[in-house]
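Dropping target-v6.txt in here (compact mmCIF, C-alpha atoms):
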```txt
# COMPACT_ATOMS: atom_id res chain seq x y z
CA MET Z 1 10.70 101.72 27.64
CA SER Z 2 9.10 98.32 28.21
CA VAL Z 3 5.39 97.72 28.20
CA VAL Z 4 3.93 95.48 30.92
CA SER Z 5 0.69 93.59 30.34
CA PRO Z 6 -1.87 94.05 33.07
CA ASN Z 7 -2.38 90.27 33.30
CA THR Z 8 1.21 89.03 33.29
CA SER Z 9 4.64 90.09 34.21
CA ARG Z 10 6.20 88.81 30.90
CA PRO Z 11 7.39 91.51 28.47
CA ALA Z 12 5.16 92.08 25.46
CA LEU Z 13 6.31 91.10 21.98
CA PRO Z 14 7.77 94.00 20.06
CA SER Z 15 5.39 95.66 17.64
CA ALA Z 16 6.07 97.56 14.49
CA ALA Z 17 5.54 100.73 16.45
CA SER Z 18 8.32 99.85 18.81
CA GLY Z 19 10.88 100.00 16.01
CA PRO Z 20 13.00 97.44 14.12
CA LEU Z 21 14.21 94.14 15.74
CA ARG Z 22 17.58 94.18 17.34
CA PRO Z 23 20.35 92.27 15.50
CA SER Z 24 20.39 89.61 18.22
CA ALA Z 25 16.68 88.88 17.73
CA VAL Z 26 17.08 88.64 13.92
CA GLY Z 27 19.93 86.17 14.35
CA ALA Z 28 17.91 83.98 16.72
CA GLN Z 29 14.96 83.86 14.32
CA SER Z 30 17.23 82.99 11.38
CA ALA Z 31 18.85 80.22 13.41
CA ARG Z 32 15.47 78.75 14.22
CA GLN Z 33 14.45 78.76 10.55
CA THR Z 34 17.74 77.10 9.56
CA THR Z 35 17.22 74.40 12.17
CA VAL Z 36 13.72 73.71 10.86
CA HIS Z 37 14.97 73.55 7.25
CA ARG Z 38 17.74 71.16 8.21
CA GLY Z 39 15.26 68.94 10.06
CA ILE Z 40 12.97 68.79 7.03
CA LEU Z 41 15.92 68.01 4.77
CA ALA Z 42 17.17 65.27 7.11
CA LEU Z 43 13.69 63.75 7.25
CA PHE Z 44 13.47 63.76 3.44
CA VAL Z 45 16.87 62.12 3.10
CA TRP Z 46 15.99 59.48 5.70
CA CYS Z 47 12.70 58.66 3.94
CA SER Z 48 14.48 58.41 0.59
CA MET Z 49 17.02 56.02 2.04
CA ALA Z 50 14.26 53.95 3.64
CA VAL Z 51 12.39 53.68 0.34
CA ALA Z 52 15.59 52.72 -1.48
CA ALA Z 53 16.36 50.09 1.13
CA THR Z 54 12.84 48.69 0.84
CA VAL Z 55 13.10 48.48 -2.93
CA ALA Z 56 16.50 46.81 -2.69
CA CYS Z 57 15.19 44.37 -0.11
CA GLY Z 58 12.23 43.57 -2.32
CA ALA Z 59 14.55 42.98 -5.26
CA ASP Z 60 16.65 40.63 -3.14
CA VAL Z 61 13.55 38.70 -2.12
CA LEU Z 62 12.47 38.33 -5.73
CA GLU Z 63 15.97 37.25 -6.69
CA ARG Z 64 16.00 34.66 -3.91
CA ARG Z 65 12.63 33.33 -5.00
CA ALA Z 66 13.78 32.90 -8.60
CA SER Z 67 16.77 30.63 -7.99
CA TRP Z 68 17.11 29.84 -11.69
CA GLN Z 69 16.44 31.46 -15.04
CA ALA Z 70 16.14 30.27 -18.62
CA TYR Z 71 19.01 31.02 -20.96
CA ASN Z 72 18.48 32.60 -24.35
CA VAL Z 73 20.14 31.27 -27.51
CA GLU Z 74 23.09 33.64 -27.31
CA THR Z 75 23.86 32.64 -23.72
CA MET Z 76 23.58 28.95 -24.51
CA SER Z 77 25.88 29.44 -27.47
CA ARG Z 78 28.46 31.12 -25.23
CA MET Z 79 28.20 28.22 -22.78
CA LEU Z 80 28.82 25.80 -25.65
CA ARG Z 81 31.82 27.76 -26.91
CA SER Z 82 33.29 27.97 -23.42
CA SER Z 83 33.06 24.18 -23.03
CA LEU Z 84 34.61 23.57 -26.44
CA ASP Z 85 37.37 26.02 -25.61
CA GLU Z 86 38.16 24.03 -22.45
CA LEU Z 87 38.48 20.94 -24.62
CA GLY Z 88 40.98 22.73 -26.85
CA THR Z 89 38.76 22.99 -29.91
CA VAL Z 90 40.18 25.24 -32.62
CA PRO Z 91 38.39 28.60 -33.11
CA GLU Z 92 37.16 27.75 -36.62
CA ARG Z 93 35.51 24.56 -35.37
CA MET Z 94 33.97 26.41 -32.43
CA ASP Z 95 32.46 28.97 -34.81
CA GLN Z 96 31.01 26.21 -36.96
CA ALA Z 97 29.58 24.36 -33.95
CA SER Z 98 28.06 27.55 -32.57
CA ASP Z 99 26.42 28.39 -35.90
CA GLU Z 100 25.00 24.86 -36.21
CA PHE Z 101 23.65 25.02 -32.67
CA ILE Z 102 21.95 28.40 -33.13
CA SER Z 103 20.54 27.43 -36.53
CA ALA Z 104 19.05 24.20 -35.16
CA ILE Z 105 17.17 26.12 -32.47
CA GLU Z 106 16.11 29.23 -34.40
CA LYS Z 107 15.47 27.81 -37.88
CA GLU Z 108 14.55 24.18 -37.17
CA ASP Z 109 12.91 24.73 -33.76
CA THR Z 110 15.02 21.94 -32.25
CA ASP Z 111 14.98 21.39 -28.50
CA PRO Z 112 18.12 23.00 -26.99
CA LEU Z 113 19.29 19.76 -25.36
CA ASP Z 114 18.87 17.83 -28.61
CA ALA Z 115 20.62 20.59 -30.53
CA LEU Z 116 23.54 20.59 -28.11
CA VAL Z 117 23.99 16.81 -28.15
CA ALA Z 118 23.74 16.70 -31.96
CA THR Z 119 26.39 19.42 -32.21
CA ILE Z 120 28.97 18.06 -29.77
CA ARG Z 121 28.66 14.34 -30.52
CA VAL Z 122 30.62 14.81 -33.75
CA ILE Z 123 33.36 16.61 -31.81
CA VAL Z 124 33.55 14.72 -28.52
CA PRO Z 125 34.10 10.92 -28.87
CA SER Z 126 32.76 10.06 -25.39
CA VAL Z 127 29.47 11.85 -26.11
CA GLU Z 128 29.17 10.11 -29.49
CA LYS Z 129 29.73 6.75 -27.81
CA LEU Z 130 27.10 7.47 -25.15
CA VAL Z 131 24.46 8.79 -27.55
CA SER Z 132 24.94 5.93 -30.01
CA SER Z 133 24.46 3.36 -27.27
CA THR Z 134 21.08 4.81 -26.32
CA GLN Z 135 19.58 4.45 -29.80
CA LYS Z 136 19.68 0.66 -30.14
CA SER Z 137 16.94 -0.49 -27.78
CA LEU Z 138 15.29 0.16 -24.44
CA ASP Z 139 17.77 -2.14 -22.77
CA SER Z 140 20.67 -0.26 -24.34
CA LEU Z 141 19.19 3.00 -23.07
CA ALA Z 142 18.99 1.51 -19.58
CA ALA Z 143 22.59 0.31 -19.91
CA ALA Z 144 23.67 3.80 -20.94
CA GLY Z 145 22.07 5.17 -17.81
CA ALA Z 146 23.76 2.53 -15.68
CA SER Z 147 27.12 3.42 -17.26
CA ILE Z 148 27.04 6.78 -15.47
CA ASP Z 149 28.35 5.05 -12.38
CA PRO Z 150 31.67 5.61 -10.60
CA ASN Z 151 32.51 1.92 -11.06
CA THR Z 152 32.34 2.02 -14.87
CA SER Z 153 34.86 3.28 -17.43
CA ALA Z 154 32.24 5.46 -19.14
CA TYR Z 155 31.82 7.44 -15.92
CA GLY Z 156 35.35 8.79 -16.11
CA GLU Z 157 34.93 9.75 -19.74
CA ILE Z 158 31.79 11.79 -19.06
CA GLU Z 159 33.04 13.25 -15.79
CA SER Z 160 36.17 14.58 -17.53
CA LEU Z 161 34.05 16.85 -19.73
CA PRO Z 162 33.74 20.56 -18.91
CA LYS Z 163 31.11 21.14 -16.23
CA THR Z 164 28.45 22.82 -18.41
CA MET Z 165 28.79 20.17 -21.10
CA ARG Z 166 28.74 17.37 -18.54
CA MET Z 167 25.65 18.72 -16.77
CA SER Z 168 23.83 19.25 -20.07
CA VAL Z 169 24.63 15.74 -21.34
CA ARG Z 170 23.42 14.28 -18.04
CA THR Z 171 20.23 16.34 -18.34
CA TRP Z 172 19.63 14.99 -21.84
CA LEU Z 173 20.25 11.38 -20.81
CA GLY Z 174 18.14 11.71 -17.66
CA ARG Z 175 15.30 13.12 -19.72
CA GLU Z 176 15.42 10.20 -22.15
CA LEU Z 177 15.37 7.69 -19.29
CA VAL Z 178 12.43 9.39 -17.54
CA ARG Z 179 10.46 9.55 -20.79
CA ASN Z 180 10.86 5.78 -21.07
CA ARG Z 181 9.87 5.20 -17.41
CA LEU Z 182 13.37 4.02 -16.50
CA TYR Z 183 13.32 5.92 -13.22
CA ASP Z 184 15.80 3.73 -11.35
CA GLU Z 185 18.41 4.31 -14.06
CA ALA Z 186 17.52 7.99 -14.45
CA LEU Z 187 17.95 9.01 -10.83
CA PRO Z 188 21.73 8.44 -10.53
CA VAL Z 189 22.22 10.26 -13.84
CA ILE Z 190 20.27 13.42 -13.01
CA ALA Z 191 20.22 13.53 -9.21
CA GLU Z 192 23.39 15.61 -8.79
CA VAL Z 193 22.95 17.91 -11.80
CA ASP Z 194 23.15 21.61 -10.94
CA PRO Z 195 20.28 23.24 -12.87
CA THR Z 196 22.15 26.52 -13.28
CA GLU Z 197 25.08 24.72 -14.94
CA SER Z 198 22.92 22.97 -17.54
CA ILE Z 199 21.80 24.82 -20.65
CA ASP Z 200 18.20 23.89 -19.76
CA PRO Z 201 17.58 24.43 -16.01
CA ALA Z 202 13.82 23.89 -16.34
CA ALA Z 203 14.35 20.44 -17.88
CA VAL Z 204 16.58 19.42 -14.96
CA LEU Z 205 14.00 20.38 -12.35
CA PHE Z 206 11.02 19.02 -14.25
CA TYR Z 207 12.36 15.58 -15.21
CA ARG Z 208 14.12 15.04 -11.91
CA GLY Z 209 10.95 16.05 -10.07
CA ALA Z 210 8.94 13.67 -12.25
CA CYS Z 211 11.42 10.90 -11.44
CA TYR Z 212 11.11 11.52 -7.69
CA HIS Z 213 7.33 11.67 -8.05
CA ALA Z 214 7.18 8.30 -9.78
CA MET Z 215 9.41 6.73 -7.15
CA LEU Z 216 7.24 8.16 -4.33
CA MET Z 217 10.10 10.27 -2.97
CA LYS Z 218 7.72 12.95 -1.74
CA LYS Z 219 10.15 15.39 -0.10
CA GLU Z 220 12.56 15.43 -3.03
CA ALA Z 221 9.76 15.69 -5.60
CA LEU Z 222 8.18 18.69 -3.88
CA ALA Z 223 11.55 20.44 -3.55
CA ASP Z 224 12.33 20.23 -7.29
CA LEU Z 225 8.82 20.87 -8.57
CA ARG Z 226 8.29 23.87 -6.29
CA ARG Z 227 11.65 25.27 -7.31
CA LEU Z 228 10.63 24.88 -10.94
CA LEU Z 229 7.42 26.80 -10.27
CA GLU Z 230 9.36 29.65 -8.64
CA ASN Z 231 9.95 31.02 -12.13
CA GLU Z 232 6.90 30.16 -14.22
CA ASP Z 233 7.68 33.00 -16.64
CA ASP Z 234 10.80 31.12 -17.80
CA CYS Z 235 9.15 27.72 -17.60
CA PRO Z 236 7.49 26.01 -20.59
CA VAL Z 237 3.73 25.86 -20.11
CA ARG Z 238 3.68 22.07 -20.41
CA PHE Z 239 6.22 21.90 -17.57
CA SER Z 240 4.45 24.32 -15.24
CA ARG Z 241 1.00 22.77 -15.67
CA THR Z 242 2.23 19.22 -15.23
CA ALA Z 243 4.40 20.21 -12.27
CA THR Z 244 1.43 21.89 -10.60
CA MET Z 245 -0.60 18.70 -10.97
CA MET Z 246 2.24 16.54 -9.64
CA VAL Z 247 2.60 18.76 -6.57
CA ALA Z 248 -1.13 18.54 -5.87
CA ASP Z 249 -1.00 14.79 -6.43
CA ILE Z 250 1.89 13.85 -4.15
CA LYS Z 251 1.51 16.47 -1.42
CA PRO Z 252 -1.30 14.63 0.46
CA LEU Z 253 0.43 11.23 0.16
CA LYS Z 254 0.70 9.51 3.55
CA GLU Z 255 2.78 6.53 4.54
CA ASP Z 256 0.96 3.19 4.83
CA SER Z 257 -2.18 4.62 3.26
CA LEU Z 258 -4.26 2.92 0.58
CA ASP Z 259 -3.05 5.63 -1.77
CA GLU Z 260 0.58 4.71 -1.16
CA ILE Z 261 -0.12 0.97 -1.52
CA SER Z 262 -1.88 1.58 -4.83
CA ARG Z 263 1.07 3.62 -6.10
CA ILE Z 264 3.56 0.93 -5.12
CA MET Z 265 1.45 -1.57 -7.03
CA THR Z 266 1.58 0.69 -10.05
CA ASP Z 267 5.36 0.85 -9.72
CA VAL Z 268 5.62 -2.96 -9.56
CA THR Z 269 3.42 -3.22 -12.65
CA ARG Z 270 5.72 -0.78 -14.45
CA ARG Z 271 8.77 -2.83 -13.56
CA LEU Z 272 7.12 -6.05 -14.74
CA ASP Z 273 6.07 -4.37 -17.99
CA LEU Z 274 9.72 -3.46 -18.54
CA GLY Z 275 10.71 -7.08 -18.01
CA ARG Z 276 12.18 -6.50 -14.57
CA SER Z 277 12.03 -9.39 -12.12
CA ASP Z 278 15.00 -8.61 -9.91
CA GLU Z 279 15.39 -8.29 -6.16
CA GLU Z 280 13.99 -4.77 -6.20
CA VAL Z 281 10.71 -6.08 -7.63
CA LYS Z 282 10.51 -8.78 -4.97
CA LYS Z 283 11.27 -6.20 -2.32
CA ARG Z 284 8.47 -3.94 -3.52
CA GLU Z 285 6.05 -6.85 -3.71
CA GLN Z 286 6.83 -7.83 -0.13
CA GLU Z 287 6.38 -4.20 0.90
CA ILE Z 288 2.88 -4.26 -0.56
CA ILE Z 289 2.01 -7.45 1.33
CA ASP Z 290 3.34 -6.02 4.60
CA LYS Z 291 1.47 -2.74 4.22
CA LEU Z 292 -1.78 -4.49 3.33
CA THR Z 293 -1.42 -6.79 6.33
CA LYS Z 294 -0.76 -3.82 8.59
CA LEU Z 295 -3.75 -1.93 7.19
CA ILE Z 296 -6.10 -4.92 7.58
CA ASP Z 297 -4.94 -5.52 11.15
CA LYS Z 298 -5.57 -1.87 11.96
CA ILE Z 299 -9.07 -1.93 10.48
CA GLU Z 300 -9.85 -5.18 12.30
CA GLU Z 301 -8.69 -3.71 15.61
CA GLN Z 302 -10.81 -0.60 15.11
CA GLN Z 303 -13.84 -2.71 14.30
CA GLN Z 304 -13.35 -4.84 17.39
CA GLN Z 305 -13.14 -1.73 19.53
CA GLN Z 306 -16.28 -0.37 17.93
CA GLN Z 307 -18.11 -3.67 18.49
CA GLN Z 308 -17.06 -3.74 22.14
CA SER Z 309 -18.25 -0.19 22.57
CA SER Z 310 -21.56 -1.04 20.90
CA SER Z 311 -22.00 -4.11 23.12
CA GLY Z 312 -21.41 -2.03 26.24
CA GLN Z 313 -24.13 0.42 25.22
CA GLY Z 314 -26.49 -2.15 23.73
CA GLY Z 315 -28.37 -2.73 27.01
CA GLN Z 316 -29.10 0.96 27.21
CA GLY Z 317 -30.26 1.20 23.62
CA GLY Z 318 -27.15 3.14 22.57
CA GLN Z 319 -26.10 3.47 19.00
CA GLY Z 320 -22.42 2.67 19.59
CA ALA Z 321 -19.37 4.86 19.34
CA PRO Z 322 -18.88 7.02 16.24
CA MET Z 323 -16.41 5.85 13.61
CA ASN Z 324 -12.80 6.73 14.21
CA ASP Z 325 -11.47 9.34 11.78
CA SER Z 326 -8.58 7.08 10.77
CA GLN Z 327 -10.83 4.14 9.90
CA ALA Z 328 -11.48 3.35 6.24
CA GLY Z 329 -14.93 4.77 5.51
CA GLY Z 330 -17.68 2.20 5.17
CA ALA Z 331 -15.46 -0.76 6.07
CA SER Z 332 -17.63 -3.57 7.30
CA GLY Z 333 -15.62 -6.69 6.36
CA LYS Z 334 -14.36 -9.12 8.96
CA GLY Z 335 -10.75 -8.49 8.05
CA ASP Z 336 -9.83 -12.02 9.06
CA VAL Z 337 -7.24 -12.64 6.35
CA ASP Z 338 -4.51 -15.05 7.40
CA PRO Z 339 -1.22 -13.05 7.28
CA LYS Z 340 0.71 -16.28 6.65
CA LYS Z 341 -1.07 -16.65 3.35
CA MET Z 342 -0.16 -13.09 2.39
CA LYS Z 343 3.52 -13.25 3.25
CA ASP Z 344 4.20 -16.18 0.93
CA ARG Z 345 4.15 -14.69 -2.54
CA ASP Z 346 3.92 -18.06 -4.32
CA GLY Z 347 1.14 -19.15 -1.97
CA TRP Z 348 -1.35 -16.96 -3.83
CA GLY Z 349 -0.84 -18.95 -6.99
CA ASN Z 350 -1.27 -22.24 -5.13
CA LEU Z 351 -4.52 -21.35 -3.36
CA PRO Z 352 -7.68 -23.00 -4.67
CA PRO Z 353 -9.71 -20.53 -6.75
CA ALA Z 354 -12.52 -20.33 -4.19
CA GLU Z 355 -10.17 -19.51 -1.31
CA ARG Z 356 -8.21 -17.05 -3.41
CA ASN Z 357 -11.35 -15.18 -4.46
CA GLU Z 358 -12.56 -15.11 -0.86
CA ALA Z 359 -9.23 -13.68 0.32
CA LEU Z 360 -9.31 -11.03 -2.41
CA GLN Z 361 -12.83 -10.04 -1.45
CA GLN Z 362 -11.86 -9.72 2.21
CA ILE Z 363 -8.94 -7.48 1.37
CA SER Z 364 -10.77 -5.22 -1.04
CA ARG Z 365 -14.24 -5.23 0.49
CA ASP Z 366 -15.81 -1.76 0.87
CA LEU Z 367 -12.71 0.04 -0.42
CA PRO Z 368 -12.99 2.78 -3.04
CA THR Z 369 -13.33 1.37 -6.55
CA HIS Z 370 -9.89 2.36 -7.89
CA TYR Z 371 -8.14 0.89 -4.83
CA ARG Z 372 -10.16 -2.32 -5.01
CA GLU Z 373 -9.42 -2.76 -8.71
CA ALA Z 374 -5.73 -2.12 -8.17
CA ILE Z 375 -5.48 -4.64 -5.34
CA GLU Z 376 -7.42 -7.32 -7.19
CA ALA Z 377 -5.45 -6.78 -10.42
CA TYR Z 378 -2.19 -6.97 -8.53
CA PHE Z 379 -2.98 -10.26 -6.80
CA ARG Z 380 -4.38 -11.73 -10.01
CA LYS Z 381 -0.99 -11.00 -11.56
CA LEU Z 382 0.76 -12.74 -8.65
CA ALA Z 383 -1.59 -15.69 -8.97
CA THR Z 384 -0.85 -15.99 -12.68
CA GLU Z 385 2.89 -15.84 -12.11
CA GLY Z 386 2.62 -18.44 -9.34
CA GLN Z 387 0.90 -20.86 -11.69
```

Rewrite the structure from the file as structure tokens, please.
Amino acid sequence: MSVVSPNTSRPALPSAASGPLRPSAVGAQSARQTTVHRGILALFVWCSMAVAATVACGADVLERRASWQAYNVETMSRMLRSSLDELGTVPERMDQASDEFISAIEKEDTDPLDALVATIRVIVPSVEKLVSSTQKSLDSLAAAGASIDPNTSAYGEIESLPKTMRMSVRTWLGRELVRNRLYDEALPVIAEVDPTESIDPAAVLFYRGACYHAMLMKKEALADLRRLLENEDDCPVRFSRTATMMVADIKPLKEDSLDEISRIMTDVTRRLDLGRSDEEVKKREQEIIDKLTKLIDKIEEQQQQQQQSSSGQGGQGGQGAPMNDSQAGGASGKGDVDPKKMKDRDGWGNLPPAERNEALQQISRDLPTHYREAIEAYFRKLATEGQ
């Protein structure tokens, strides 16, 4: 007999007094509980999969960020053995070479690149020939770098080596050239080296980045140096600290700025110190003259505009227009240097001392001290050479 609530026409829920639930009601309740349990289980599985995917994604990101890693001694030894095996070296000789290589690094604390070159030069004639040629003089080192050129016979000998050995030898030679400021010779040697194929990836990125930095190749320098800093844990401290400073140094470099002109002057001085007086030096010298002329013309134009603005407001007691942001701070010189005198390199040496000093003062007037000193030192050098 059903009970009807006085306030609603819906049947009342069964009570304990009304007797046990019918089988159909028990089945419905069990089905509901099963559905709930399955939903909770599905939600747990979905969350677990999401967490796993997030972890995997994070691992992939970290792996992408670290595009290189340092190799331990055992891995470098295997790379050496693999290269020697490609050359057809007998097993006994490979074992001996591997032992010598490991001993040099672990017992004598030898640099891995030096240890590798010292080990293979007695086995591979082309490496012995290359290394021997670098030890005679600075000029012979430069010649060794220039020999890694498709038009030379030495190029074929080095290029025929197994890839890991070839990349490592190029890394070693590029490093030696960069250390001796022979950047022009170093770049062709190390530019195409794959860091992951060399036994010392950090050395590839550091010395190539340093080479680009010295040659004012901003984009290339930042690419290599930033890639090096992706994995500071595997990077020697001296590399990471110097690379950080080089990035901070070249990042703000702007074309046609006083900073760039000063750096080009430094590069010309380096070339002259190395005894270089070729077409590249003359080209760089002319580039300096052109950039200085352009900069002086720009400053002169800005000053003329400022003077015109001041004259227009002078009758009203105005103070003149504010300085343009691009104008060299504090510049008050006339800027009336004759470009014809600047474009003739030998003309600087032929100018009377009074006129030469006046021209130098006009160029460097009111510039920051280090720029002024660099400009004056550079033109004094040109004047001396002209005489």

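The two atoms in question, atom CA of Asp267 of chain Z and atom CA of Arg227 of chain Z, are spaced 25.3 Å apart.
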
Contacts of segment 119-127 of chain Z at 12 Å (all atoms listed in the file; same-chain gap of 4+ positions) as a PyMOL selection string:
chain Z and resi 77+80-81+83-85+87-90+93-105+110+112-115+131-134+144+147-148+153-162+165-166+168-170+172-173

Between atom CA of Ala210 of chain Z and atom CA of Ile288 of chain Z lies a distance of 22.2 Å

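With all atoms listed in the file taken into account, the protein and nucleic acid residues at most 8 Å from segment 211-223 of chain Z (excluding it and anything under 5 positions from it in its own chain) are Val178, Tyr183, Ala186, Leu187, Met246, Val247, Ile250, Lys251, Leu253, Arg263 and Asp267 of chain Z.
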
Do a neighbour search on Pro236 of chain Z at 12 Å with all atoms listed in the file, toss out local chain neighbours closer than 2 positions, and write the hits as a list in words.
Gln69, Ala70, Asp111, Asp200, Pro201, Ala202, Ala203, Leu205, Phe206, Leu228, Leu229, Asn231, Glu232, Asp233, Asp234, Arg238, Phe239, Ser240, Arg241, Thr242 and Ala243 of chain Z

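Rounded to one decimal, atom CA of Gly174 of chain Z and atom CA of Ser67 of chain Z lie 21.3 Å from each other.
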
I'd like the box whose edges run along x, y and z of the file and which contains every listed atom of segment 124-143 of chain Z, padded by 5 Å per side; could you state its centre and edge lengths in Å, one decimal, as lines of an AutoDock Vina configuration file?
```
center_x = 24.7
center_y = 6.3
center_z = -24.9
size_x = 28.8
size_y = 26.9
size_z = 20.6
```

Counting all atoms listed in the file, the option among Z:Val237, Z:Val189, Z:Leu295, Z:Ile289 closest to Ser257 of chain Z
Z:Leu295

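The shortest atom-to-atom distance to Arg270 of chain Z, with only C-alpha atoms taken into account, belongs to Z:Arg181 out of Z:Gln302, Z:Arg181, Z:Gln307, Z:Tyr207.
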
With distances taken over only C-alpha atoms, which residue among Z:Leu130, Z:Gly145, Z:Pro91, Z:Ile199 lies nearest Met79 of chain Z?
Z:Ile199
